[in-house]
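Peer 1: Supplied in structure tokens, the structure appears directly below.
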Amino acid sequence: MTALLDSLGVRPLINAVGPATRLGSSTPSADVLAAMAEAAAVYLPMHELQRAAGAEIAALTGAEAGYVTNGAAAGLMLAAAACIAGDDPALMNRLPFTDGMRDEIVVHRGQRIAYDHAVRASGARLVEIGFHDLTFPYELDAAIGERTAAVLYFSNSGANALPLEQVVAIAHARGVPVILDASLAIPPVENLRRFADLGVDLVAVSGGKWIGGPAASGFLYGRADLLRSVALQQQDQDVRVETWHGAPLIAGGTVAGPPHQGIGRALKVGKEEIAGLLAALRAYVARDHAADQARWRAAAQTVVDALAGIPGADARVLPADGRERGWPIAEIALDEPALGLGAYDVVRALAAGAPPIALDEAVAWRGALRVTPTHLRDGEAAVVAAALAAALRRTDPTSAHTKADRKDTDA
Ligand SMILES: *Cc1c(COP(=O)(O)O)cnc(C)c1O
């Protein structure tokens with residue numbers, strides 16, 4: 001089964017980080033892989049596949065329309081391009097060069113994160129409001145003007161951003177759409193419908209992070225007219241007016257003609273990803289989410305229990321808080337001087353073990369380690385717990401998690 005990886009000499013690892021593109025994102029289920037294989041075996045009109053997939057995403061989220069992207073970052077870039085160019089193919093053809101265009105996207109200064117590069121890659125210019133810890137509603141209103149294409153909002157980011165509801169209300173009062181990055185807002189699954197109910201114009205979700213879709217998948221949902229612009233800028237446009245499936249759009253006066261290959265053409269999504277994302281999303285909305293939470297809590301507790309009594313290590317389970325995080329984690333505060341060991345030393349030690357373990361480094365800067373249990377597979381929590389205990393007790397880390405341990409322990 002691992003013949004290819006063996007031949008390449010690339011070792012699988014235990015993922016205690018959670019959703020991470022750099023670690024391969026997801027391990028799609030057999031059903032998802034079967035859907036991908038089914039799509040892989042045939043040729044089909046991609047615009048029809050997208051239309052059907054989009055209709056189902058709309059039904060599952062309660063939005064007007066949906067669209068499959070090759071990740072949430074791609075979704076952000078496409079969303080920005082749609083808000084800038086609208087239905088104008090001449091403008092689409094010019095992106096990312098926006099001279100003279102409505103190209104400003106307003107964002108909380110406290111919500112500037114590295115993923116906003118995807119928005120800027122459309123050609124958009126970010127206009128910041130507020131400060132890191134405080135923003136007033138009038139600042140959003142004042143930032144919206146003639147050149148405003150959209151307001152961008154990151155869920156789970158920025159301690160004192162205006163509430164999403166208020167951002168939507170202010171933006172809509174000025175006729176401006178809101179783009180939401182919901183990558184870290186699901187779970188809970190209820191947020192999918194909540195964002196549609198709130199009237200968010202375009203919501204970007206990652207397929208590879210929580211939903212169990214292929215790594216290079218995700219989706220957008222929201223306003224049908226904006227997702228039409230997304231389709232025009234993302235789909236292959238090696239087409240002729242005489243036979244174009246979008247001819248009714250020309251006849252109806254919506255677009256002057258097809259654009260050329262657009263800025264989204266580089267964000268190609270294959271039929272396999274569309275099929276896999278849809279199969280994953282169907283399964284995700286039907287999952288027993290309470291059972292997931294219980295399993296994650298138990299895995300986090302396994303780690304905490306294994307570290308009890310180790311001097312210099314204070315481990316606890318942090319529950320899902322619904323604001324920053326919709327899942328439980330284990331956090332281990334280290335007394336680095338007493339241990340004679342830093343958080344990054346422990347990360348390095350576990351990464352060098354067999355099998356390698358990737359730990360969550362989010363708070364290593366303050367001398368703490370995290371185990372995010374959501375992407376651990378059966379038995380792996382005990383392996384992580386034993387490896388952490390060995391590293392913190394400074395026993396031989398390589399003897400702490402052998403293949404034998406993996407077989408007879410269960411989280
Ligand atoms: C991971 C992430 C993304 C990108 O998602 P992909 O599906 O990997 O493209 C965007 N925004 C945030 C906040 C993320 O955490």
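We label chains A, B, ... in the order they appear in the structure tokens, count residues from 1 in each chain, and number ligands from 1 in the order shown.
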Within 6 Å of ligand 1, which residues of chain A come that close, and what is the closest atom pair and distance in Å for each? Count only C-alpha atoms and all ligand atoms and give it as JSON lines.

Peer 2:
{"residue": "A:Thr21", "atom": "CA", "partner": "ligand 1", "partner_atom_place_in_ligand_line": "8 (O)", "distance": 5.7}
{"residue": "A:Gly71", "atom": "CA", "partner": "ligand 1", "partner_atom_place_in_ligand_line": "7 (O)", "distance": 3.4}
{"residue": "A:Ala72", "atom": "CA", "partner": "ligand 1", "partner_atom_place_in_ligand_line": "7 (O)", "distance": 3.8}
{"residue": "A:Ala73", "atom": "CA", "partner": "ligand 1", "partner_atom_place_in_ligand_line": "9 (O)", "distance": 3.8}
{"residue": "A:Ala74", "atom": "CA", "partner": "ligand 1", "partner_atom_place_in_ligand_line": "9 (O)", "distance": 5.9}
{"residue": "A:Tyr115", "atom": "CA", "partner": "ligand 1", "partner_atom_place_in_ligand_line": "11 (N)", "distance": 5.3}
{"residue": "A:Asp181", "atom": "CA", "partner": "ligand 1", "partner_atom_place_in_ligand_line": "11 (N)", "distance": 5.8}
{"residue": "A:Ser183", "atom": "CA", "partner": "ligand 1", "partner_atom_place_in_ligand_line": "12 (C)", "distance": 4.9}
{"residue": "A:Leu184", "atom": "CA", "partner": "ligand 1", "partner_atom_place_in_ligand_line": "15 (O)", "distance": 5.7}
{"residue": "A:Ser206", "atom": "CA", "partner": "ligand 1", "partner_atom_place_in_ligand_line": "7 (O)", "distance": 3.7}
{"residue": "A:Gly207", "atom": "CA", "partner": "ligand 1", "partner_atom_place_in_ligand_line": "7 (O)", "distance": 5.9}
{"residue": "A:Gly208", "atom": "CA", "partner": "ligand 1", "partner_atom_place_in_ligand_line": "7 (O)", "distance": 5.8}
{"residue": "A:Gly218", "atom": "CA", "partner": "ligand 1", "partner_atom_place_in_ligand_line": "7 (O)", "distance": 5.5}

Peer 1: As a PyMOL selection string, please: every residue in range 227-372 of chain A that DSSP puts in alpha helix (DSSP H).

Peer 2: chain A and resi 227-234+247-251+271-286+289-307+336-339+343-351

Peer 1: Would you work out the distance separating CA of Leu4 in chain A from CA of Leu281 in chain A, expressed in Å to one decimal?

Peer 2: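 Spanning CA of Leu4 in chain A to CA of Leu281 in chain A is a straight-line distance of 28.4 Å.
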
Peer 1: Pick out the residues sitting within 12 Å of Leu339 in chain A, and hand them over as a count of residues only; count only C-alpha atoms, and ignore anything fewer than 3 positions along from it in its own chain.

Peer 2: 18

Peer 1: Tell me which protein, DNA and RNA residues are within 9 Å of range 35-46 of chain A, counting only C-alpha atoms, leaving out same-chain ones fewer than 4 positions away, and put them as a ChimeraX atom specification.

Peer 2: /A:30-31,50-51,235-236,270-279

Peer 1: Any idea what's packed within 10 Å of Val241 in chain A, counting only C-alpha atoms, ignoring anything in its chain fewer than 6 positions away? Could you give it as a list in words?

Peer 2: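 Skipping anything fewer than 6 positions along the chain leaves Ala247, Ile250, Gly257 and Pro258 of chain A.
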
Peer 1: Suppose we keep C-alpha atoms; can you now write the selection as a tab-separated table (two decimals), in the first residue's frame?

Peer 2:
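What ended up in again_25.tsv:
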chain	number	residue	atom	x	y	z
A	247	ALA	CA	-24.69	32.22	-25.01
A	250	ILE	CA	-25.04	37.30	-24.04
A	257	GLY	CA	-19.21	37.89	-24.48
A	258	PRO	CA	-16.96	35.28	-22.98

Peer 1: From a backbone DSSP assignment, name each residue in range 178-318 of chain A labelled strand (DSSP E or B), as an NGL selection string.

Peer 2: :A and (178-181 or 202-206 or 218-222 or 313-318)

Peer 1: Between A:Ala351, A:Leu198, A:Ala124, A:Ile113, which one has atoms that come closest to Pro96 in chain A, using only C-alpha atoms?

Peer 2: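 Smallest distance to Pro96 in chain A is found for A:Ala124.
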